[in-house]
Each structure stands twice: as structure tokens, then as C-alpha cells.
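Engineer: model_22.cif is reproduced below (mmCIF, C-alpha atoms).
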data_start
#
loop_
_atom_site.label_atom_id
_atom_site.label_comp_id
_atom_site.auth_asym_id
_atom_site.auth_seq_id
_atom_site.Cartn_x
_atom_site.Cartn_y
_atom_site.Cartn_z
CA MET A 1 4.53 248.22 -5.32
CA GLY A 2 2.88 249.81 -8.31
CA GLY A 3 -0.80 249.38 -9.01
CA THR A 4 -0.14 247.10 -11.97
CA GLU A 5 1.03 244.16 -9.85
CA LEU A 6 -2.06 244.35 -7.66
CA GLU A 7 -4.23 244.50 -10.77
CA TRP A 8 -2.49 241.36 -12.13
CA VAL A 9 -3.36 239.51 -8.94
CA LYS A 10 -6.99 240.68 -9.00
CA ALA A 11 -7.26 239.69 -12.68
CA LEU A 12 -5.89 236.24 -11.91
CA TYR A 13 -8.62 235.61 -9.32
CA ALA A 14 -11.32 237.13 -11.53
CA PHE A 15 -10.31 234.68 -14.28
CA ALA A 16 -10.28 231.69 -11.90
CA GLY A 17 -13.53 232.82 -10.29
CA ALA A 18 -15.27 232.97 -13.66
CA THR A 19 -15.80 229.22 -13.46
CA ASP A 20 -17.66 227.24 -10.83
CA ASN A 21 -15.38 224.24 -11.33
CA LEU A 22 -11.66 224.62 -12.03
CA VAL A 23 -11.32 220.84 -12.43
CA ALA A 24 -13.61 220.85 -15.47
CA ALA A 25 -12.19 224.18 -16.70
CA LEU A 26 -8.69 222.72 -16.94
CA ASP A 27 -10.09 220.10 -19.33
CA ASP A 28 -11.50 222.88 -21.54
CA GLU A 29 -8.92 223.71 -24.24
CA GLU A 30 -10.25 227.23 -24.82
CA PHE A 31 -10.20 228.08 -21.09
CA VAL A 32 -6.62 226.81 -20.79
CA ARG A 33 -5.48 228.58 -23.98
CA ASN A 34 -6.99 231.88 -22.78
CA GLY A 35 -5.55 231.33 -19.31
CA ILE A 36 -2.06 230.66 -20.61
CA ALA A 37 -2.15 233.75 -22.84
CA ALA A 38 -3.34 236.02 -20.02
CA PHE A 39 -1.09 234.51 -17.35
CA ALA A 40 2.02 234.74 -19.53
CA GLN A 41 1.68 238.54 -19.54
CA MET A 42 1.39 238.71 -15.73
CA VAL A 43 4.31 236.57 -14.66
CA HIS A 44 8.06 237.02 -14.58
CA PRO A 45 10.12 234.81 -16.94
CA GLU A 46 11.47 233.02 -13.83
CA TYR A 47 8.01 232.55 -12.29
CA GLU A 48 7.70 229.85 -9.62
CA PHE A 49 4.46 228.28 -8.31
CA VAL A 50 4.83 226.60 -4.92
CA LEU A 51 2.27 224.29 -3.40
CA VAL A 52 2.72 224.58 0.36
CA ARG A 53 1.01 222.55 3.00
CA ASP A 54 2.13 224.58 5.97
CA GLU A 55 3.97 222.54 8.63
CA VAL A 56 4.62 219.74 6.13
CA GLY A 57 6.58 222.11 3.90
CA ASP A 58 6.64 222.59 0.15
CA GLN A 59 4.69 219.93 -1.68
CA GLY A 60 5.87 220.88 -5.12
CA SER A 61 7.51 223.68 -7.03
CA TYR A 62 6.70 224.43 -10.66
CA ARG A 63 8.42 226.84 -13.04
CA GLY A 64 6.88 229.09 -15.65
CA VAL A 65 3.40 229.35 -17.09
CA ASP A 66 3.27 225.70 -18.12
CA GLY A 67 4.51 224.75 -14.66
CA PHE A 68 1.69 226.70 -13.04
CA PHE A 69 -0.92 224.82 -15.05
CA ALA A 70 0.84 221.49 -14.36
CA GLY A 71 0.87 222.27 -10.63
CA MET A 72 -2.80 223.21 -10.69
CA ARG A 73 -3.67 219.99 -12.52
CA GLU A 74 -1.71 217.98 -9.94
CA TRP A 75 -3.43 219.75 -7.02
CA LEU A 76 -6.87 219.38 -8.59
CA SER A 77 -6.38 215.70 -9.49
CA SER A 78 -7.90 214.62 -6.17
CA TRP A 79 -10.96 216.83 -6.56
CA GLU A 80 -14.24 216.26 -8.37
CA THR A 81 -15.08 219.96 -8.20
CA TYR A 82 -13.02 222.94 -7.00
CA ARG A 83 -13.59 226.69 -6.85
CA ILE A 84 -11.37 229.43 -5.46
CA GLU A 85 -12.39 233.00 -4.78
CA ALA A 86 -10.47 235.94 -3.39
CA GLU A 87 -12.04 237.15 -0.18
CA GLU A 88 -9.47 239.91 0.37
CA VAL A 89 -6.35 241.15 -1.45
CA ILE A 90 -3.80 242.83 0.81
CA ASP A 91 -1.02 245.00 -0.63
CA LEU A 92 2.28 244.12 1.09
CA GLY A 93 4.48 246.40 -1.00
CA ASP A 94 6.63 243.89 -2.86
CA ALA A 95 3.94 241.20 -2.61
CA ALA A 96 0.22 240.65 -2.26
CA LEU A 97 -1.50 238.39 0.23
CA VAL A 98 -4.76 236.93 -1.02
CA LEU A 99 -7.12 235.46 1.55
CA THR A 100 -9.15 232.86 -0.31
CA ILE A 101 -12.17 230.69 0.17
CA ASP A 102 -11.70 227.34 -1.53
CA ARG A 103 -14.70 225.06 -2.05
CA GLY A 104 -14.83 221.63 -3.56
CA ARG A 105 -15.86 218.02 -3.47
CA SER A 106 -13.22 215.31 -3.09
CA LYS A 107 -13.04 212.40 -5.51
CA LEU A 108 -12.23 209.84 -2.84
CA ALA A 109 -14.94 210.49 -0.27
CA GLY A 110 -17.26 212.70 -2.31
CA LEU A 111 -17.52 215.04 0.64
CA PRO A 112 -17.90 218.80 0.25
CA MET A 113 -15.13 221.00 1.63
CA GLU A 114 -14.79 224.69 2.37
CA GLN A 115 -11.35 225.99 3.31
CA ARG A 116 -10.21 229.48 4.25
CA ALA A 117 -6.73 229.50 2.73
CA ALA A 118 -4.23 232.05 1.44
CA VAL A 119 -1.74 232.74 -1.33
CA ILE A 120 1.25 235.08 -1.27
CA HIS A 121 2.20 236.47 -4.68
CA ARG A 122 5.69 237.99 -4.70
CA PHE A 123 6.70 240.54 -7.34
CA ARG A 124 9.81 241.31 -9.34
CA ASP A 125 10.20 243.80 -12.19
CA GLY A 126 6.49 244.65 -12.13
CA LEU A 127 5.39 241.03 -12.60
CA ILE A 128 4.34 238.11 -10.42
CA ALA A 129 7.56 236.18 -9.75
CA ARG A 130 6.42 233.61 -7.19
CA SER A 131 3.10 232.33 -5.85
CA GLU A 132 3.05 230.42 -2.56
CA THR A 133 -0.14 228.60 -1.56
CA TYR A 134 -1.07 227.96 2.07
CA MET A 135 -3.86 225.78 3.41
CA ARG A 136 -3.74 227.60 6.75
CA ARG A 137 -4.13 231.37 6.76
CA GLU A 138 -2.16 231.79 9.98
CA THR A 139 0.89 230.22 8.30
CA ALA A 140 0.56 232.59 5.34
CA LEU A 141 0.11 235.57 7.65
CA ALA A 142 3.29 234.61 9.51
CA ALA A 143 5.18 234.18 6.19
CA ALA A 144 3.95 237.64 5.17
CA GLY A 145 5.04 239.18 8.49
CA MET A 146 1.43 239.72 9.56
CA ALA A 147 1.04 237.09 12.30
CA GLU A 148 -0.47 239.70 14.62
CA ARG A 149 -3.48 240.02 12.30
CA GLY A 150 -4.76 236.58 13.30
CA SER A 151 -6.38 233.96 11.09
CA GLY A 152 -9.32 236.14 10.00
#
Spell out the structure here as C-alpha cells.

Structural biologist:
Amino acid sequence: MGGTELEWVKALYAFAGATDNLVAALDDEEFVRNGIAAFAQMVHPEYEFVLVRDEVGDQGSYRGVDGFFAGMREWLSSWETYRIEAEEVIDLGDAALVLTIDRGRSKLAGLPMEQRAAVIHRFRDGLIARSETYMRRETALAAAGMAERGSG
């Protein structure tokens, strides 16, 4: 993988990490407009965003830039606050594995949550072609062929 793809992934998390609450940010027209413009340059025309809940399987698949934002809105609909930060970005050659720390407060119970999760971003033609989210790091590590690394 070239350095550009890895830089796209790091930029994506820098943009998301610039806000303490992605739920509120997705209601901010300027944030969304800037996000769409930046994201459109990073992703392949056939980009797919997959919400995965590990053993349960795919919980939704969204196409394109608009699909990514629709998927994020759907995921965040049950949260009062939500923040994601990249703890580590691992170069896999034709993909990048991002170990994340997700923090939030649920709407239903109002309880705080901290989750050590992961995302695999797969590349094609120098762009991000597919992003797969995992709530359990060990599942993402296995999907990335790194099960021996452990859950970190």
C-alpha cells in the first residue's frame, strides 16, 4: 500500500476526532458539508460502509459518501453523545486496521460507555473502497488475519 491510503485513514480519524460529540456534529450543516467534501476525495466510487456486530453479522451496508453519512446517522441514533478516536493505525498492505476507543452516552439508559473497537479500511486504486466496523477487536483482528495479536 502506498502512503496516501494510510494518510486518508489518519485524516478521517483526525476529522472525526475534532469533535467531542459526533451526534451533535452530524446535525451541524457546515461539519457535514466539510466532511462530505473531504470524504469524497478519499473514497473509491464504489465505496461501501459496513456496520458489523461481530457474531451477529452485518447490521447494514451503505454505498457511497451519502451512504456513509446515512449509516453513521443510523448508528448514532441511539446515542446522546458519541466520540471515536484512533488508538492505533496498522498498515496491512491493501488495508488498514484502526484500533479505536469509542465513548458515548446512550439515549435509552443515559449510561456512559467506553468500547475498545476496530475498523478495517480496505483499499482499491489508491482510495478507501470499504470500511468494516467491529465492536469486538478480536473479531476484527481475525478478519484482518491477525488473530495471534490478541485483543490488545

Engineer: Just so the selection is clear, what residues does the PyMOL selection byres ((chain A and resi 95-108) around 9) cover here, as a PyMOL selection string?

Structural biologist: chain A and resi 1+5-6+9+21+77-94+109-124+128+137+140-141+144+152

Engineer: For the selection you just gave me, I'd like the residues written to a file as a tab-separated table (two decimals), keeping the file's coordinate frame, keeping C-alpha atoms.

Structural biologist:
chain	number	residue	atom	x	y	z
A	1	MET	CA	4.53	248.22	-5.32
A	5	GLU	CA	1.03	244.16	-9.85
A	6	LEU	CA	-2.06	244.35	-7.66
A	9	VAL	CA	-3.36	239.51	-8.94
A	21	ASN	CA	-15.38	224.24	-11.33
A	77	SER	CA	-6.38	215.70	-9.49
A	78	SER	CA	-7.90	214.62	-6.17
A	79	TRP	CA	-10.96	216.83	-6.56
A	80	GLU	CA	-14.24	216.26	-8.37
A	81	THR	CA	-15.08	219.96	-8.20
A	82	TYR	CA	-13.02	222.94	-7.00
A	83	ARG	CA	-13.59	226.69	-6.85
A	84	ILE	CA	-11.37	229.43	-5.46
A	85	GLU	CA	-12.39	233.00	-4.78
A	86	ALA	CA	-10.47	235.94	-3.39
A	87	GLU	CA	-12.04	237.15	-0.18
A	88	GLU	CA	-9.47	239.91	0.37
A	89	VAL	CA	-6.35	241.15	-1.45
A	90	ILE	CA	-3.80	242.83	0.81
A	91	ASP	CA	-1.02	245.00	-0.63
A	92	LEU	CA	2.28	244.12	1.09
A	93	GLY	CA	4.48	246.40	-1.00
A	94	ASP	CA	6.63	243.89	-2.86
A	109	ALA	CA	-14.94	210.49	-0.27
A	110	GLY	CA	-17.26	212.70	-2.31
A	111	LEU	CA	-17.52	215.04	0.64
A	112	PRO	CA	-17.90	218.80	0.25
A	113	MET	CA	-15.13	221.00	1.63
A	114	GLU	CA	-14.79	224.69	2.37
A	115	GLN	CA	-11.35	225.99	3.31
A	116	ARG	CA	-10.21	229.48	4.25
A	117	ALA	CA	-6.73	229.50	2.73
A	118	ALA	CA	-4.23	232.05	1.44
A	119	VAL	CA	-1.74	232.74	-1.33
A	120	ILE	CA	1.25	235.08	-1.27
A	121	HIS	CA	2.20	236.47	-4.68
A	122	ARG	CA	5.69	237.99	-4.70
A	123	PHE	CA	6.70	240.54	-7.34
A	124	ARG	CA	9.81	241.31	-9.34
A	128	ILE	CA	4.34	238.11	-10.42
A	137	ARG	CA	-4.13	231.37	6.76
A	140	ALA	CA	0.56	232.59	5.34
A	141	LEU	CA	0.11	235.57	7.65
A	144	ALA	CA	3.95	237.64	5.17
A	152	GLY	CA	-9.32	236.14	10.00

Engineer: Set the distance at 8 Å and use all atoms listed in the file: which residues neighbour Ser61 of chain A once local chain neighbours fewer than 6 positions away are removed? I'd like the list as a PDB file with C-alpha atoms, in the coordinates of the input.

Structural biologist:
ATOM      1  CA  GLU A  48       7.700 229.850  -9.620  1.00  0.00           C
ATOM      2  CA  PHE A  49       4.460 228.280  -8.310  1.00  0.00           C
ATOM      3  CA  VAL A  50       4.830 226.600  -4.920  1.00  0.00           C
ATOM      4  CA  LEU A  51       2.270 224.290  -3.400  1.00  0.00           C
ATOM      5  CA  GLY A  71       0.870 222.270 -10.630  1.00  0.00           C
TER       6      GLY A  71
END

Engineer: In Å, how far is it from atom CA of Val23 of chain A to atom CA of Leu127 of chain A?

Structural biologist: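 Here the two named atoms are 26.2 Å from each other.
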
Engineer: Can you find the residues with an atom no farther than 12 Å from (-1.6, 224.8, -15.1), counting all atoms listed in the file, and report them as a ChimeraX atom specification?

Structural biologist: /A:16,22-23,25-29,31-37,39-40,48-49,62-77

Engineer: Just the number, please: distance in Å from atom CA of Val52 of chain A to atom CA of Glu132 of chain A, one decimal.

Structural biologist: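 About the pair atom CA of Val52 of chain A and atom CA of Glu132 of chain A: they are 6.5 Å apart.
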
Engineer: So how far away is atom CA of Met135 of chain A from atom CA of Thr19 of chain A, in Å?

Structural biologist: 21.0 Å

Engineer: Which residue gives the smallest distance to Trp8 of chain A among A:Ala38, A:Glu30, A:Thr139, A:Arg130, with all atoms listed in the file counted?

Structural biologist: A:Ala38
